[in-house]
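**Student:** So here's entry_28.cif (mmCIF, C-alpha atoms).
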```
data_final
#
loop_
_atom_site.label_atom_id
_atom_site.label_comp_id
_atom_site.auth_asym_id
_atom_site.auth_seq_id
_atom_site.Cartn_x
_atom_site.Cartn_y
_atom_site.Cartn_z
CA MET A 5 75.67 40.17 -6.81
CA ALA A 6 72.35 41.32 -8.16
CA THR A 7 73.11 40.20 -11.72
CA ALA A 8 74.11 36.75 -10.59
CA ALA A 9 70.96 36.41 -8.55
CA ALA A 10 68.78 37.48 -11.42
CA ALA A 11 70.51 35.18 -13.89
CA ILE A 12 70.11 32.02 -11.86
CA PRO A 13 66.59 30.63 -12.16
CA HIS A 14 64.63 30.34 -8.94
CA GLY A 15 64.07 26.80 -7.82
CA GLY A 16 64.92 24.09 -5.38
CA GLY A 17 67.75 21.65 -4.84
CA HIS A 18 70.62 22.20 -2.43
CA ALA A 19 73.19 22.81 -5.18
CA GLU A 20 70.96 25.37 -6.83
CA VAL A 21 70.20 27.12 -3.57
CA ALA A 22 73.89 27.14 -2.63
CA ALA A 23 74.78 28.60 -6.04
CA ARG A 24 72.10 31.21 -5.75
CA TYR A 25 73.10 32.33 -2.27
CA HIS A 26 76.87 32.11 -2.60
CA ASP A 27 77.16 35.84 -2.10
CA VAL A 28 75.25 36.08 1.17
CA ASP A 29 75.58 34.83 4.71
CA PRO A 30 76.27 31.05 4.47
CA VAL A 31 74.01 30.44 7.46
CA TYR A 32 71.18 32.04 5.49
CA ALA A 33 71.92 29.82 2.50
CA GLU A 34 71.98 26.69 4.63
CA THR A 35 68.86 27.46 6.62
CA ARG A 36 66.64 29.04 3.97
CA ASP A 37 65.06 25.74 2.87
CA LEU A 38 64.46 24.72 6.48
CA ARG A 39 62.85 28.06 7.34
CA LEU A 40 60.73 27.81 4.22
CA LEU A 41 59.62 24.31 5.19
CA GLY A 42 58.82 25.57 8.69
CA PHE A 43 56.72 28.40 7.26
CA VAL A 44 54.81 26.04 4.95
CA LEU A 45 54.14 23.78 7.97
CA PHE A 46 52.81 26.83 9.84
CA LEU A 47 50.45 27.49 6.93
CA LEU A 48 49.35 23.85 6.98
CA SER A 49 48.63 24.12 10.72
CA ASP A 50 46.51 27.18 9.98
CA CYS A 51 44.70 25.14 7.30
CA ILE A 52 43.85 22.57 9.97
CA LEU A 53 42.54 25.31 12.27
CA PHE A 54 40.26 26.71 9.55
CA GLY A 55 39.39 23.19 8.41
CA ALA A 56 38.11 22.27 11.87
CA PHE A 57 35.82 25.30 12.01
CA ILE A 58 34.70 24.80 8.40
CA PHE A 59 33.74 21.17 9.02
CA ALA A 60 31.89 22.22 12.19
CA TYR A 61 29.92 24.72 10.07
CA ILE A 62 29.16 22.12 7.40
CA TYR A 63 27.99 19.66 10.06
CA LEU A 64 25.76 22.27 11.69
CA ARG A 65 24.32 23.29 8.35
CA VAL A 66 23.53 19.86 6.94
CA SER A 67 22.03 18.70 10.24
CA ALA A 68 19.74 21.75 10.54
CA PRO A 69 16.08 21.17 9.58
CA ALA A 70 16.09 24.38 7.51
CA TRP A 71 18.73 26.80 6.27
CA PRO A 72 18.84 29.69 7.00
CA PRO A 73 17.57 28.58 10.40
CA PHE A 74 14.42 29.90 12.02
CA VAL A 75 14.86 32.09 15.09
CA GLY A 76 11.77 33.25 16.99
CA GLY A 77 9.51 32.01 14.21
CA HIS A 78 11.30 34.01 11.50
CA GLN A 79 13.79 32.65 9.00
CA LEU A 80 17.15 34.46 9.04
CA PRO A 81 18.14 36.27 5.80
CA TRP A 82 20.67 35.00 3.27
CA PHE A 83 23.95 36.89 3.11
CA ASP A 84 24.45 39.59 0.47
CA THR A 85 26.14 37.77 -2.42
CA SER A 86 26.71 40.78 -4.66
CA PHE A 87 28.69 42.77 -2.11
CA ALA A 88 30.61 39.65 -1.04
CA ALA A 89 31.56 38.96 -4.68
CA PHE A 90 32.88 42.51 -5.01
CA ASN A 91 34.78 42.34 -1.72
CA SER A 92 36.21 38.94 -2.69
CA ILE A 93 37.64 40.44 -5.86
CA VAL A 94 39.26 43.17 -3.78
CA LEU A 95 41.06 40.46 -1.77
CA PHE A 96 41.91 38.28 -4.79
CA GLY A 97 43.22 41.37 -6.55
CA SER A 98 45.52 41.99 -3.61
CA GLY A 99 46.92 38.48 -4.11
CA VAL A 100 47.86 39.36 -7.69
CA THR A 101 49.44 42.67 -6.67
CA MET A 102 51.47 40.89 -3.98
CA HIS A 103 52.69 38.40 -6.56
CA PHE A 104 53.75 41.30 -8.79
CA ALA A 105 55.54 42.93 -5.83
CA LEU A 106 57.65 39.83 -5.20
CA GLU A 107 58.40 39.37 -8.91
CA ASN A 108 59.59 42.98 -9.13
CA TRP A 109 61.82 42.48 -6.09
CA LYS A 110 63.34 39.41 -7.77
CA HIS A 111 64.00 41.53 -10.85
CA LEU A 112 65.50 44.29 -8.68
CA ASN A 113 62.87 46.86 -9.59
CA LYS A 114 62.43 48.50 -6.19
CA ARG A 115 60.15 51.30 -7.36
CA LYS A 116 57.58 48.92 -8.84
CA PHE A 117 57.99 46.61 -5.84
CA ASN A 118 56.99 49.47 -3.53
CA MET A 119 54.09 50.41 -5.78
CA TRP A 120 52.63 46.89 -5.87
CA LEU A 121 53.24 46.26 -2.17
CA ILE A 122 51.46 49.49 -1.20
CA ALA A 123 48.61 48.53 -3.55
CA THR A 124 48.39 45.18 -1.74
CA ILE A 125 48.24 46.85 1.67
CA ILE A 126 45.55 49.29 0.48
CA LEU A 127 43.46 46.46 -0.99
CA GLY A 128 43.86 44.46 2.23
CA ILE A 129 42.63 47.41 4.27
CA GLY A 130 39.82 47.84 1.74
CA PHE A 131 38.76 44.24 2.26
CA LEU A 132 38.73 44.73 6.04
CA LEU A 133 36.59 47.85 5.68
CA GLY A 134 34.26 45.86 3.41
CA GLN A 135 33.97 43.18 6.07
CA ALA A 136 33.22 45.83 8.70
CA HIS A 137 30.46 47.15 6.42
CA GLU A 138 29.13 43.63 5.94
CA TYR A 139 29.00 43.09 9.71
CA SER A 140 27.08 46.33 10.17
CA VAL A 141 24.34 45.44 7.67
CA VAL A 142 24.20 41.63 7.84
CA GLY A 143 21.10 41.59 10.06
CA ILE A 144 22.13 38.67 12.28
CA SER A 145 24.16 38.48 15.47
CA TRP A 146 26.80 36.16 16.86
CA ALA A 147 24.44 34.81 19.52
CA GLY A 148 21.14 33.05 18.96
CA SER A 149 21.80 30.97 15.85
CA THR A 150 24.30 28.49 14.48
CA MET A 151 24.37 30.54 11.27
CA GLY A 152 25.43 33.73 13.02
CA ALA A 153 27.90 31.97 15.30
CA SER A 154 29.56 30.15 12.38
CA PHE A 155 29.61 33.24 10.18
CA PHE A 156 31.14 35.59 12.72
CA THR A 157 33.61 32.99 14.04
CA LEU A 158 34.98 32.01 10.64
CA THR A 159 34.93 35.38 8.92
CA GLY A 160 36.20 37.04 12.11
CA MET A 161 39.08 34.59 12.33
CA HIS A 162 39.84 35.18 8.66
CA GLY A 163 39.58 38.95 9.14
CA PHE A 164 42.06 38.71 11.99
CA HIS A 165 44.45 36.86 9.64
CA VAL A 166 44.01 39.61 7.04
CA PHE A 167 44.74 42.23 9.72
CA VAL A 168 47.88 40.35 10.76
CA GLY A 169 48.79 40.11 7.06
CA VAL A 170 48.43 43.87 6.60
CA CYS A 171 50.72 44.43 9.61
CA PHE A 172 53.13 41.81 8.22
CA LEU A 173 53.25 43.46 4.78
CA THR A 174 53.69 46.92 6.30
CA THR A 175 56.64 45.60 8.30
CA LEU A 176 58.08 44.04 5.14
CA ALA A 177 57.72 47.35 3.28
CA ILE A 178 59.62 49.17 6.04
CA GLN A 179 62.32 46.47 6.21
CA ALA A 180 62.74 46.34 2.43
CA ASN A 181 63.23 50.09 2.25
CA ARG A 182 65.73 49.99 5.11
CA GLY A 183 67.91 47.51 3.23
CA VAL A 184 67.12 44.38 5.25
CA TYR A 185 66.56 42.40 2.02
CA THR A 186 68.78 42.15 -1.03
CA GLY A 187 68.36 40.79 -4.54
CA SER A 188 69.47 37.37 -3.30
CA LYS A 189 68.25 37.40 0.28
CA TYR A 190 64.54 38.03 0.68
CA PHE A 191 63.04 35.15 2.60
CA GLY A 192 60.74 37.53 4.52
CA LEU A 193 59.19 38.73 1.27
CA THR A 194 58.66 35.16 0.09
CA ALA A 195 57.01 34.26 3.41
CA GLY A 196 54.83 37.37 3.27
CA THR A 197 53.68 36.50 -0.24
CA LEU A 198 52.88 32.90 0.70
CA TYR A 199 50.95 34.08 3.77
CA TRP A 200 48.94 36.57 1.71
CA HIS A 201 48.09 33.96 -0.95
CA PHE A 202 47.05 31.61 1.85
CA VAL A 203 44.69 34.23 3.30
CA ASP A 204 43.20 34.69 -0.21
CA VAL A 205 42.62 30.98 -0.63
CA ILE A 206 40.94 30.59 2.76
CA TRP A 207 38.53 33.29 1.63
CA VAL A 208 37.71 31.27 -1.51
CA ALA A 209 36.38 28.51 0.76
CA LEU A 210 34.51 30.92 3.07
CA PHE A 211 33.02 32.85 0.15
CA PHE A 212 31.66 29.62 -1.33
CA LEU A 213 30.37 28.22 1.97
CA PHE A 214 28.61 31.34 3.27
CA TYR A 215 27.51 33.15 0.14
CA LEU A 216 27.18 30.65 -2.70
CA TRP A 217 26.20 27.32 -1.14
CA MET B 19 20.77 50.95 -11.60
CA THR B 20 20.64 49.30 -8.18
CA GLU B 21 23.50 49.06 -5.71
CA ALA B 22 23.58 45.28 -6.15
CA ALA B 23 23.89 45.63 -9.93
CA ILE B 24 26.85 48.00 -9.55
CA GLU B 25 28.54 45.59 -7.12
CA LYS B 26 27.95 42.66 -9.45
CA GLY B 27 29.24 44.63 -12.44
CA ALA B 28 32.41 45.56 -10.55
CA ALA B 29 32.81 41.97 -9.34
CA LEU B 30 32.39 40.67 -12.90
CA ALA B 31 34.97 43.06 -14.36
CA GLY B 32 37.36 42.47 -11.45
CA ALA B 33 36.97 38.70 -11.63
CA LEU B 34 37.88 38.72 -15.32
CA VAL B 35 40.94 40.93 -14.82
CA VAL B 36 42.22 39.24 -11.66
CA GLY B 37 41.40 35.71 -12.85
CA ILE B 38 43.12 36.11 -16.20
CA THR B 39 46.14 37.75 -14.53
CA ALA B 40 46.35 34.91 -12.00
CA VAL B 41 46.24 32.30 -14.77
CA ILE B 42 48.95 34.14 -16.73
CA GLN B 43 51.15 34.31 -13.62
CA LEU B 44 50.50 30.62 -13.00
CA LYS B 45 51.55 29.84 -16.56
CA ASN B 46 54.71 31.97 -16.20
CA ASP B 47 55.66 30.23 -12.94
CA TRP B 48 54.77 26.74 -14.13
CA ALA B 49 58.37 25.68 -14.76
CA ALA B 50 59.68 27.00 -11.41
CA ARG B 51 60.77 24.41 -8.84
CA GLY B 52 61.09 24.41 -5.06
CA ILE B 53 58.70 24.43 -2.12
CA ASP B 54 57.85 28.12 -2.42
CA ALA B 55 57.18 27.86 -6.17
CA SER B 56 55.02 24.76 -5.70
CA VAL B 57 52.95 26.31 -2.92
CA THR B 58 52.60 29.53 -4.91
CA LYS B 59 51.32 27.57 -7.92
CA ILE B 60 48.71 25.78 -5.81
CA LEU B 61 47.59 29.01 -4.18
CA LEU B 62 47.46 30.94 -7.48
CA GLY B 63 45.38 28.13 -9.00
CA LEU B 64 42.93 28.23 -6.08
CA MET B 65 42.77 32.00 -6.31
CA ALA B 66 41.86 31.70 -10.00
CA LEU B 67 39.12 29.28 -8.93
CA GLY B 68 37.92 31.95 -6.48
CA CYS B 69 37.71 34.40 -9.37
CA VAL B 70 35.57 31.91 -11.31
CA LEU B 71 33.25 31.60 -8.29
CA ALA B 72 32.99 35.39 -7.98
CA LEU B 73 32.29 35.63 -11.72
CA LEU B 74 29.52 33.02 -11.49
CA ALA B 75 28.07 34.86 -8.48
CA ALA B 76 28.15 38.13 -10.41
CA VAL B 77 26.12 36.63 -13.29
CA ASN B 78 23.66 34.95 -10.86
CA VAL B 79 24.67 31.39 -11.75
CA LEU B 80 25.76 30.76 -8.15
CA GLY B 81 24.33 32.24 -4.98
CA ALA B 82 21.13 33.51 -6.58
CA ARG B 83 18.46 33.17 -3.87
CA ALA B 84 14.78 33.05 -4.67
#
```
Can the structure from this file be put into C-alpha cells for me?
**Tutor:**
Amino acid sequence: MATAAAAIPHGGGHAEVAARYHDVDPVYAETRDLRLLGFVLFLLSDCILFGAFIFAYIYLRVSAPAWPPFVGGHQLPWFDTSFAAFNSIVLFGSGVTMHFALENWKHLNKRKFNMWLIATIILGIGFLLGQAHEYSVVGISWAGSTMGASFFTLTGMHGFHVFVGVCFLTTLAIQANRGVYTGSKYFGLTAGTLYWHFVDVIWVALFFLFYLW
Amino acid sequence: MTEAAIEKGAALAGALVVGITAVIQLKNDWAARGIDASVTKILLGLMALGCVLALLAAVNVLGARA
C-alpha cells in the first residue's frame, strides 16, 4: 500500500486520484477532490474577510490628513519594524517546516514528520508570544485612533487564525500518531498545510501594510 | 549592539534561510498538478515574497522611518 502510494506521483485528474487511492475507502477516493475544493473555497472566503478589513484600513489611511494620525496634539508612533521583521521570519519559517512535515508524511517518514510538525507548532506559539509582546509595547490602544483600531482588528484577527492553526496542527499531530492517516489517505494533513500557508501569506500583507508602508 | 540591530540581524539571516528554502521547495513542486499543489505553489511563492520584504526591512531599505 505504502509503496504504491509513494510511487505514484501526486497530482490531479480523476483517473490519477482513483489510481492513487485504490487501496483505501472508495468514498474517500471519490470525495477527496470535492473536499479539497471545499477547503480551498473556505480559504478564499477567509481571503475576502481579510480583504474587506485590509481595504478599510487602506481607505482610512489614504484619506487621513497625516499618518500616523495625531491624537491629542501628538503624532502616534510608527510600529517597530525590526521586531516585526524578526517575528515575521518566525512565522514564515513555520510555513517551511510545515511543508517539510507534509513531504515527510508523503514519503512515509513518520519520525521526521513528527519532528517538523512539532517545530511548526512551536514556531506558531512563538509568533503568538511575539505578537503578545508587540501588543504590550506598541504604545497605542484599540480606541481613539483609526491606526490603533485597524492594527488591533487586523493583527488580532490574524492572531486568532494562528491560534486556531496551532490547535488544528496539534489535533493533526495527535490523529497522525493514532493512525487516523495513512500513506495514501491524509487529507487532514493536506488541509492543515494549506491553512498554515494561508495564515503565513495573510501575514505577508499585514507586515507590509502596517510596518513597511 | 542594540536590541533592534540583533532583531534585524536575526531577521536577515532567517529571511535568507527561509526564503531560499521556500524557493527550492517551490522549484521541487513546480511539476506537481492538482488543486492542492497549485494552491501550495501560489502560497509558497507569496511566502518567498514575504521573506524578501523581511530582508529589505532588515537592511533598512523598507520601513526605515526618519
**Student:** Show me, as AutoDock Vina command-line options, the centre and edge lengths in Å to one decimal of the axis-aligned box that covers every listed atom of segment 109-127 of chain A with 3 Å on each side.
**Tutor:**
```
--center_x 54.5 --center_y 45.4 --center_z -4.6 --size_x 28.0 --size_y 17.9 --size_z 18.5
```
**Student:** Take the PyMOL selection byres ((chain A) within 6 of (chain B)), apply it to the structure above, and return the hits as a ChimeraX atom specification.
**Tutor:** /A:15-16,86-87,89-90,93,97,201,205,208,216
**Student:** By how many Å are atom CA of Asp204 of chain A and atom CA of Gly99 of chain A apart?
**Tutor:**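 A separation of 6.6 Å between them.
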**Student:** One decimal, Å: what's the distance from atom CA of Arg115 of chain A over to atom CA of Ser98 of chain A, could you say?
**Tutor:**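 Taking atom CA of Arg115 of chain A as the start and atom CA of Ser98 of chain A as the end point, the length is 17.7 Å.
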**Student:** Choose the residue, out of A:Phe104, A:Tyr139, A:Trp146, A:Tyr190, that has the smallest atom-to-atom separation from Ala123 of chain A; count only C-alpha atoms.
**Tutor:** A:Phe104
**Student:** Go ahead and compute the interatomic distance for atom CA of Tyr32 of chain A and atom CA of Ser188 of chain A, in Å to one decimal.
**Tutor:**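 One can read the atom CA of Tyr32 of chain A to atom CA of Ser188 of chain A distance as 10.4 Å.
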**Student:** Write a file for segment 56-82 of chain B of the given structure; include C-alpha atoms and format it as a CSV table (one decimal), in the first residue's frame.
**Tutor:**
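What ended up in selection_10.csv:
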```csv
chain,number,residue,atom,x,y,z
B,56,SER,CA,-1.4,24.7,-7.3
B,57,VAL,CA,-2.5,26.5,-4.2
B,58,THR,CA,0.7,25.4,-2.4
B,59,LYS,CA,2.8,26.8,-5.2
B,60,ILE,CA,1.0,30.1,-5.0
B,61,LEU,CA,1.3,30.3,-1.2
B,62,LEU,CA,5.0,29.2,-1.2
B,63,GLY,CA,5.7,31.9,-3.8
B,64,LEU,CA,4.0,34.6,-1.7
B,65,MET,CA,5.8,33.4,1.4
B,66,ALA,CA,9.1,33.8,-0.5
B,67,LEU,CA,8.0,37.3,-1.3
B,68,GLY,CA,7.4,37.9,2.4
B,69,CYS,CA,10.9,36.8,3.1
B,70,VAL,CA,12.2,39.3,0.5
B,71,LEU,CA,10.1,42.0,2.3
B,72,ALA,CA,11.6,41.0,5.7
B,73,LEU,CA,15.1,41.0,4.2
B,74,LEU,CA,14.6,44.5,2.8
B,75,ALA,CA,13.2,45.6,6.2
B,76,ALA,CA,16.2,44.1,8.0
B,77,VAL,CA,18.6,46.1,5.8
B,78,ASN,CA,16.6,49.4,6.2
B,79,VAL,CA,15.5,49.5,2.5
B,80,LEU,CA,11.9,49.3,3.5
B,81,GLY,CA,10.2,50.5,6.7
B,82,ALA,CA,13.1,52.8,7.7
```
